[in-house]
Amino acid sequence: MGEVALGVFDPEALAGLPDQARRYLAHAIRPGATVPGRVTVAFSGELRLRPRGRWMRFRASETLVLTSGFVFSARSWLGPVPVTNNESYQEGRADSRIRLFGVVPVVTKRGPDADRAMCSRLVVESVWLPSTFLPAAGARWTTTGEDLAVSVPVHGEDVCVQPRVGEAGEVLTMDLERLSDLHDGRAYGPVPFQTEVEAEDTFGGYTIPSRLRARWWAGTNRQFEFFRAQVHQAMFDR
């Protein structure tokens with residue numbers, strides 16, 4: 001995965017951005033810290049695949065590279081059966097494989113629709129890599145009334161997210177129309193999605209969400225929570 005070097009973070013470079021955007025970025029990246037180009041996050045939690053599906057415990061590691069891609073590896077348990085999930089998005093291509101016992105294939109996702117779905121996932125999960133949302137990385141911040149939005153370019157796609165930012169600059173929620181195959185017949189299409197942040201922590205010079213949960217079909221009568229996570233470690237570098 002490619003890397004982008006953005007130097008040292010200077011809050012003065014945020015002049016001209018909406019107030020909420022400046023608060024968020026100055027809160028997330030310590031002034032004078034090296035702007036990170038990647039992060040590796042270790043976390044654990046619970047997930048489920050269907051609205052009334054069984055919650056499965058998991059442990060995972062994910063490396064995110066600035067506006068470029070990610071590599072994700074998780075292990076969960078369906079009762080006594082171990083389930084491995086290896087997913088990646090590199091050079092604009094998605095590869096997702098879920099296996100029982102680490103060898104029996106259950107789900108494999110590839111192709112143009114999966115590529116676009118992973119593109120939006122990269123931006124959502126880049127809440128753990130706040131440099132993604134710097135103008136120097138290509139992010140464009142706008143406001144409409146009280147509503148804040150940021151558009152992030154990834155491999156020719158502009159992914160637009162609507163974050164809600166607290167008074168201290170902390171992220172409270174992130175909303176977007178995220179591409180998914182949750183439509184009838186497993187067809188891909190936009191699905192309202194929300195990440196809710198419950199706590200944050202500082203790792204080195206970077207403050208990121210450390211406890212969060214996520215919902216598909218957010219704000220609709222089909223809404224269901226499918227993901228809960230707690231971050232244990234985050235390691236940033238160029």
# chains A, B, ... in the order shown; residues from 1 in each chain; ligands from 1
$ residues_around --residues "region 216-229 of chain A" --least-positions-apart "2" --cutoff "12 Å" --atoms "only C-alpha atoms" --output "ChimeraX atom specification"
/A:41-61,125,173-183,189-200,209-214,231-232
$ write_last_selection --atoms "C-alpha atoms" --output "mmCIF file, in the first residue's frame"
data_model
loop_
_atom_site.group_PDB
_atom_site.id
_atom_site.type_symbol
_atom_site.label_atom_id
_atom_site.label_comp_id
_atom_site.auth_asym_id
_atom_site.auth_seq_id
_atom_site.Cartn_x
_atom_site.Cartn_y
_atom_site.Cartn_z
ATOM 1 C CA VAL A 41 -5.042 -0.995 15.674
ATOM 2 C CA ALA A 42 -5.658 -3.996 17.942
ATOM 3 C CA PHE A 43 -9.223 -4.334 19.191
ATOM 4 C CA SER A 44 -11.858 -6.787 20.344
ATOM 5 C CA GLY A 45 -15.609 -6.888 20.690
ATOM 6 C CA GLU A 46 -18.763 -8.470 19.347
ATOM 7 C CA LEU A 47 -20.387 -8.654 15.920
ATOM 8 C CA ARG A 48 -23.385 -10.194 14.216
ATOM 9 C CA LEU A 49 -24.318 -10.597 10.568
ATOM 10 C CA ARG A 50 -28.128 -10.323 10.739
ATOM 11 C CA PRO A 51 -30.630 -8.196 12.726
ATOM 12 C CA ARG A 52 -31.559 -11.045 15.044
ATOM 13 C CA GLY A 53 -28.393 -13.015 14.545
ATOM 14 C CA ARG A 54 -26.205 -14.342 17.288
ATOM 15 C CA TRP A 55 -23.513 -12.040 18.661
ATOM 16 C CA MET A 56 -20.008 -13.459 18.168
ATOM 17 C CA ARG A 57 -16.967 -12.428 20.162
ATOM 18 C CA PHE A 58 -13.909 -11.452 18.137
ATOM 19 C CA ARG A 59 -10.340 -10.213 18.358
ATOM 20 C CA ALA A 60 -8.878 -8.275 15.438
ATOM 21 C CA SER A 61 -5.970 -6.300 14.061
ATOM 22 C CA GLU A 125 -12.597 3.142 9.810
ATOM 23 C CA THR A 173 -21.037 10.009 15.539
ATOM 24 C CA MET A 174 -20.165 9.476 11.875
ATOM 25 C CA ASP A 175 -22.908 8.955 9.294
ATOM 26 C CA LEU A 176 -22.816 8.140 5.604
ATOM 27 C CA GLU A 177 -24.556 6.253 2.820
ATOM 28 C CA ARG A 178 -22.367 3.166 2.718
ATOM 29 C CA LEU A 179 -22.458 0.676 -0.159
ATOM 30 C CA SER A 180 -23.487 -2.804 0.996
ATOM 31 C CA ASP A 181 -25.090 -6.040 -0.231
ATOM 32 C CA LEU A 182 -27.738 -5.890 2.519
ATOM 33 C CA HIS A 183 -30.468 -5.131 -0.027
ATOM 34 C CA GLY A 189 -26.697 -0.373 -2.952
ATOM 35 C CA PRO A 190 -26.344 2.537 -0.519
ATOM 36 C CA VAL A 191 -27.360 1.810 3.080
ATOM 37 C CA PRO A 192 -27.586 4.436 5.857
ATOM 38 C CA PHE A 193 -24.741 3.696 8.268
ATOM 39 C CA GLN A 194 -23.683 5.174 11.591
ATOM 40 C CA THR A 195 -20.725 4.780 13.912
ATOM 41 C CA GLU A 196 -21.321 5.982 17.488
ATOM 42 C CA VAL A 197 -18.312 6.754 19.673
ATOM 43 C CA GLU A 198 -18.667 5.997 23.381
ATOM 44 C CA ALA A 199 -15.105 6.722 24.566
ATOM 45 C CA GLU A 200 -11.729 7.830 23.265
ATOM 46 C CA PRO A 209 -12.214 6.587 19.420
ATOM 47 C CA SER A 210 -11.458 3.652 21.700
ATOM 48 C CA ARG A 211 -14.962 2.299 22.309
ATOM 49 C CA LEU A 212 -17.574 2.416 19.581
ATOM 50 C CA ARG A 213 -20.518 0.680 17.997
ATOM 51 C CA ALA A 214 -21.938 0.662 14.474
ATOM 52 C CA VAL A 231 -9.435 -0.586 21.144
ATOM 53 C CA HIS A 232 -6.524 -1.975 23.145
#
$ closest_residue --among "A:Thr67, A:Ser76, A:Ser126, A:Thr202" --to "His27 (chain A)" --atoms "only C-alpha atoms"
A:Thr202
$ residues_around --residues "Ala139 (chain A)" --least-positions-apart "4" --cutoff "12 Å" --atoms "only C-alpha atoms" --output "PDB file with C-alpha atoms, in the first residue's frame"
ATOM      1  CA  LEU A  14      -6.377  24.666   9.459  1.00  0.00           C
ATOM      2  CA  LEU A  17     -11.902  25.241   7.778  1.00  0.00           C
ATOM      3  CA  ALA A  21     -13.428  20.612  11.655  1.00  0.00           C
ATOM      4  CA  LEU A  25      -8.351  17.902  13.974  1.00  0.00           C
ATOM      5  CA  LEU A  66      -3.765   7.012   4.504  1.00  0.00           C
ATOM      6  CA  THR A  67      -6.458   7.181   1.743  1.00  0.00           C
ATOM      7  CA  VAL A 123     -13.026   6.108   5.173  1.00  0.00           C
ATOM      8  CA  PRO A 130      -7.276  11.225  11.806  1.00  0.00           C
ATOM      9  CA  SER A 131      -4.738  12.495   9.244  1.00  0.00           C
ATOM     10  CA  THR A 132      -7.181  11.128   6.640  1.00  0.00           C
ATOM     11  CA  PHE A 133      -9.328  14.191   7.283  1.00  0.00           C
ATOM     12  CA  LEU A 134      -6.632  16.828   6.784  1.00  0.00           C
ATOM     13  CA  PRO A 135      -6.892  19.081   3.704  1.00  0.00           C
ATOM     14  CA  ALA A 149     -19.549  17.050   6.068  1.00  0.00           C
ATOM     15  CA  VAL A 150     -16.164  15.901   4.826  1.00  0.00           C
ATOM     16  CA  SER A 151     -15.386  14.359   1.457  1.00  0.00           C
ATOM     17  CA  VAL A 152     -12.341  12.086   1.164  1.00  0.00           C
ATOM     18  CA  PRO A 153     -10.913  10.991  -2.225  1.00  0.00           C
ATOM     19  CA  VAL A 154      -9.992   7.306  -2.435  1.00  0.00           C
ATOM     20  CA  ASP A 158     -15.225  10.753  -3.287  1.00  0.00           C
ATOM     21  CA  VAL A 159     -16.581   9.298  -0.043  1.00  0.00           C
ATOM     22  CA  CYS A 160     -18.686  11.782   1.930  1.00  0.00           C
ATOM     23  CA  VAL A 161     -19.128  11.413   5.699  1.00  0.00           C
TER      24      VAL A 161
END
$ select_by_dssp --residues "region 1-131 of chain A" --states "alpha helix (DSSP H)" --output "list in words"
Asp19, Gln20, Ala21, Arg22, Arg23, Tyr24, Leu25, Ala26, His27, Ala28, Pro112, Asp113, Ala114, Asp115, Arg116, Ala117, Met118, Cys119, Ser120, Arg121, Leu122, Val123, Val124 and Glu125 of chain A
$ write_last_selection --atoms "N, CA and C atoms" --output "CSV table (one decimal), in the first residue's frame"
chain,number,residue,atom,x,y,z
A,19,ASP,N,-15.4,25.6,11.9
A,19,ASP,CA,-15.0,25.6,13.3
A,19,ASP,C,-14.9,24.1,13.9
A,20,GLN,N,-16.0,23.3,13.5
A,20,GLN,CA,-16.1,22.0,14.1
A,20,GLN,C,-14.9,21.1,13.5
A,21,ALA,N,-14.5,21.4,12.3
A,21,ALA,CA,-13.4,20.6,11.7
A,21,ALA,C,-12.1,21.0,12.3
A,22,ARG,N,-11.9,22.3,12.6
A,22,ARG,CA,-10.7,22.7,13.3
A,22,ARG,C,-10.6,22.1,14.7
A,23,ARG,N,-11.7,22.1,15.4
A,23,ARG,CA,-11.7,21.5,16.7
A,23,ARG,C,-11.4,20.0,16.7
A,24,TYR,N,-12.0,19.3,15.8
A,24,TYR,CA,-11.7,17.9,15.7
A,24,TYR,C,-10.3,17.6,15.4
A,25,LEU,N,-9.7,18.2,14.4
A,25,LEU,CA,-8.4,17.9,14.0
A,25,LEU,C,-7.3,18.3,15.0
A,26,ALA,N,-7.5,19.5,15.7
A,26,ALA,CA,-6.6,19.9,16.7
A,26,ALA,C,-6.7,19.1,18.0
A,27,HIS,N,-7.9,18.5,18.2
A,27,HIS,CA,-8.1,17.5,19.3
A,27,HIS,C,-7.5,16.2,19.0
A,28,ALA,N,-7.6,15.7,17.7
A,28,ALA,CA,-7.1,14.4,17.4
A,28,ALA,C,-5.6,14.2,17.2
A,112,PRO,N,-16.1,-5.5,-8.7
A,112,PRO,CA,-16.3,-4.0,-8.7
A,112,PRO,C,-17.2,-3.5,-7.5
A,113,ASP,N,-18.3,-4.2,-7.2
A,113,ASP,CA,-19.2,-3.8,-6.2
A,113,ASP,C,-18.5,-3.9,-4.8
A,114,ALA,N,-17.7,-5.0,-4.6
A,114,ALA,CA,-17.0,-5.2,-3.4
A,114,ALA,C,-15.9,-4.1,-3.3
A,115,ASP,N,-15.3,-3.7,-4.4
A,115,ASP,CA,-14.3,-2.7,-4.4
A,115,ASP,C,-14.8,-1.4,-3.8
A,116,ARG,N,-16.0,-1.0,-4.4
A,116,ARG,CA,-16.6,0.3,-4.0
A,116,ARG,C,-17.1,0.2,-2.5
A,117,ALA,N,-17.5,-0.9,-2.1
A,117,ALA,CA,-18.0,-1.1,-0.7
A,117,ALA,C,-16.8,-0.9,0.3
A,118,MET,N,-15.7,-1.5,-0.1
A,118,MET,CA,-14.5,-1.4,0.7
A,118,MET,C,-13.9,0.0,0.8
A,119,CYS,N,-14.1,0.8,-0.3
A,119,CYS,CA,-13.7,2.2,-0.4
A,119,CYS,C,-14.4,3.0,0.7
A,120,SER,N,-15.7,2.8,0.8
A,120,SER,CA,-16.4,3.6,1.9
A,120,SER,C,-16.0,3.1,3.3
A,121,ARG,N,-15.8,1.8,3.4
A,121,ARG,CA,-15.4,1.2,4.7
A,121,ARG,C,-14.0,1.8,5.1
A,122,LEU,N,-13.1,2.0,4.2
A,122,LEU,CA,-11.8,2.6,4.5
A,122,LEU,C,-12.0,3.9,5.2
A,123,VAL,N,-12.9,4.8,4.6
A,123,VAL,CA,-13.0,6.1,5.2
A,123,VAL,C,-13.7,6.1,6.6
A,124,VAL,N,-14.7,5.2,6.7
A,124,VAL,CA,-15.3,5.1,8.0
A,124,VAL,C,-14.3,4.7,9.1
A,125,GLU,N,-13.5,3.7,8.8
A,125,GLU,CA,-12.6,3.1,9.8
A,125,GLU,C,-11.4,4.0,10.0
$ residues_around --residues "Thr63 (chain A)" --least-positions-apart "3" --cutoff "8 Å" --atoms "only C-alpha atoms" --output "PDB file with C-alpha atoms, in the first residue's frame"
ATOM      1  CA  ARG A  38      -0.588   4.625   8.802  1.00  0.00           C
ATOM      2  CA  VAL A  39      -1.899   3.054  11.981  1.00  0.00           C
ATOM      3  CA  THR A  40      -2.161  -0.513  13.239  1.00  0.00           C
ATOM      4  CA  VAL A  41      -5.042  -0.995  15.674  1.00  0.00           C
ATOM      5  CA  PHE A  70      -6.256  -1.512   4.750  1.00  0.00           C
ATOM      6  CA  VAL A  71      -5.497  -5.065   5.834  1.00  0.00           C
ATOM      7  CA  PHE A  72      -7.830  -6.599   8.415  1.00  0.00           C
TER       8      PHE A  72
END
$ select_by_dssp --residues "region 3-182 of chain A" --states "strand (DSSP E or B)" --output "ChimeraX atom specification"
/A:8,29,34,38-47,56-65,69-78,81-90,93-100,104-109,140-144,147-154,157-165,171-180
$ write_last_selection --atoms "C-alpha atoms" --output "mmCIF file, in the first residue's frame"
data_model
loop_
_atom_site.group_PDB
_atom_site.id
_atom_site.type_symbol
_atom_site.label_atom_id
_atom_site.label_comp_id
_atom_site.auth_asym_id
_atom_site.auth_seq_id
_atom_site.Cartn_x
_atom_site.Cartn_y
_atom_site.Cartn_z
ATOM 1 C CA VAL A 8 4.468 17.861 11.182
ATOM 2 C CA ILE A 29 -3.532 15.268 16.472
ATOM 3 C CA THR A 34 4.361 13.894 12.978
ATOM 4 C CA ARG A 38 -0.588 4.625 8.802
ATOM 5 C CA VAL A 39 -1.899 3.054 11.981
ATOM 6 C CA THR A 40 -2.161 -0.513 13.239
ATOM 7 C CA VAL A 41 -5.042 -0.995 15.674
ATOM 8 C CA ALA A 42 -5.658 -3.996 17.942
ATOM 9 C CA PHE A 43 -9.223 -4.334 19.191
ATOM 10 C CA SER A 44 -11.858 -6.787 20.344
ATOM 11 C CA GLY A 45 -15.609 -6.888 20.690
ATOM 12 C CA GLU A 46 -18.763 -8.470 19.347
ATOM 13 C CA LEU A 47 -20.387 -8.654 15.920
ATOM 14 C CA MET A 56 -20.008 -13.459 18.168
ATOM 15 C CA ARG A 57 -16.967 -12.428 20.162
ATOM 16 C CA PHE A 58 -13.909 -11.452 18.137
ATOM 17 C CA ARG A 59 -10.340 -10.213 18.358
ATOM 18 C CA ALA A 60 -8.878 -8.275 15.438
ATOM 19 C CA SER A 61 -5.970 -6.300 14.061
ATOM 20 C CA GLU A 62 -6.189 -3.743 11.283
ATOM 21 C CA THR A 63 -3.580 -1.666 9.484
ATOM 22 C CA LEU A 64 -4.920 1.446 7.744
ATOM 23 C CA VAL A 65 -2.850 3.416 5.226
ATOM 24 C CA GLY A 69 -6.175 0.850 1.815
ATOM 25 C CA PHE A 70 -6.256 -1.512 4.750
ATOM 26 C CA VAL A 71 -5.497 -5.065 5.834
ATOM 27 C CA PHE A 72 -7.830 -6.599 8.415
ATOM 28 C CA SER A 73 -7.595 -9.919 10.241
ATOM 29 C CA ALA A 74 -10.044 -11.217 12.840
ATOM 30 C CA ARG A 75 -10.825 -14.386 14.712
ATOM 31 C CA SER A 76 -14.251 -15.045 16.209
ATOM 32 C CA TRP A 77 -16.222 -18.011 17.527
ATOM 33 C CA LEU A 78 -19.579 -19.391 16.417
ATOM 34 C CA VAL A 81 -16.315 -23.240 16.023
ATOM 35 C CA PRO A 82 -13.493 -20.764 15.226
ATOM 36 C CA VAL A 83 -14.187 -18.361 12.355
ATOM 37 C CA THR A 84 -11.406 -16.423 10.623
ATOM 38 C CA ASN A 85 -12.025 -13.264 8.645
ATOM 39 C CA ASN A 86 -9.279 -11.868 6.403
ATOM 40 C CA GLU A 87 -10.096 -8.754 4.407
ATOM 41 C CA SER A 88 -8.037 -6.266 2.467
ATOM 42 C CA TYR A 89 -8.448 -3.255 0.223
ATOM 43 C CA GLN A 90 -5.273 -2.505 -1.723
ATOM 44 C CA ARG A 93 -9.222 -3.900 -5.059
ATOM 45 C CA ALA A 94 -11.137 -5.734 -2.349
ATOM 46 C CA ASP A 95 -10.544 -9.250 -1.112
ATOM 47 C CA SER A 96 -12.733 -10.667 1.657
ATOM 48 C CA ARG A 97 -12.621 -14.249 2.903
ATOM 49 C CA ILE A 98 -14.445 -15.810 5.849
ATOM 50 C CA ARG A 99 -13.568 -19.389 6.797
ATOM 51 C CA LEU A 100 -14.590 -21.938 9.393
ATOM 52 C CA VAL A 104 -13.483 -24.076 5.104
ATOM 53 C CA PRO A 105 -14.657 -21.133 2.928
ATOM 54 C CA VAL A 106 -17.983 -19.572 3.935
ATOM 55 C CA VAL A 107 -17.990 -16.145 2.253
ATOM 56 C CA THR A 108 -15.741 -14.695 -0.450
ATOM 57 C CA LYS A 109 -16.269 -11.188 -1.835
ATOM 58 C CA ARG A 140 -12.717 18.755 1.752
ATOM 59 C CA TRP A 141 -14.817 20.078 4.633
ATOM 60 C CA THR A 142 -18.153 21.855 4.144
ATOM 61 C CA THR A 143 -21.096 22.996 6.261
ATOM 62 C CA THR A 144 -24.780 23.388 5.485
ATOM 63 C CA ASP A 147 -24.518 20.071 9.434
ATOM 64 C CA LEU A 148 -20.854 19.230 8.897
ATOM 65 C CA ALA A 149 -19.549 17.050 6.068
ATOM 66 C CA VAL A 150 -16.164 15.901 4.826
ATOM 67 C CA SER A 151 -15.386 14.359 1.457
ATOM 68 C CA VAL A 152 -12.341 12.086 1.164
ATOM 69 C CA PRO A 153 -10.913 10.991 -2.225
ATOM 70 C CA VAL A 154 -9.992 7.306 -2.435
ATOM 71 C CA GLU A 157 -14.121 7.855 -5.492
ATOM 72 C CA ASP A 158 -15.225 10.753 -3.287
ATOM 73 C CA VAL A 159 -16.581 9.298 -0.043
ATOM 74 C CA CYS A 160 -18.686 11.782 1.930
ATOM 75 C CA VAL A 161 -19.128 11.413 5.699
ATOM 76 C CA GLN A 162 -21.188 13.523 8.109
ATOM 77 C CA PRO A 163 -19.410 13.623 11.483
ATOM 78 C CA ARG A 164 -20.915 15.132 14.632
ATOM 79 C CA VAL A 165 -18.247 16.795 16.767
ATOM 80 C CA VAL A 171 -16.134 12.643 17.403
ATOM 81 C CA LEU A 172 -19.606 11.685 18.631
ATOM 82 C CA THR A 173 -21.037 10.009 15.539
ATOM 83 C CA MET A 174 -20.165 9.476 11.875
ATOM 84 C CA ASP A 175 -22.908 8.955 9.294
ATOM 85 C CA LEU A 176 -22.816 8.140 5.604
ATOM 86 C CA GLU A 177 -24.556 6.253 2.820
ATOM 87 C CA ARG A 178 -22.367 3.166 2.718
ATOM 88 C CA LEU A 179 -22.458 0.676 -0.159
ATOM 89 C CA SER A 180 -23.487 -2.804 0.996
#
$ atom_distance --atom1 "CA of Pro31 (chain A)" --atom2 "CA of Asp10 (chain A)"
5.7 Å
$ atom_distance --atom1 "CA of Tyr206 (chain A)" --atom2 "CA of Arg30 (chain A)"
6.2 Å
$ atom_distance --atom1 "CA of Arg186 (chain A)" --atom2 "CA of Ser68 (chain A)"
26.8 Å
$ closest_residue --among "A:Tyr188, A:Ala15, A:Gly7, A:Phe203" --to "Val35 (chain A)" --atoms "only C-alpha atoms"
A:Gly7
$ closest_residue --among "A:His155, A:Pro11, A:Gly185, A:Ala33" --to "Thr207 (chain A)" --atoms "only C-alpha atoms"
A:Ala33
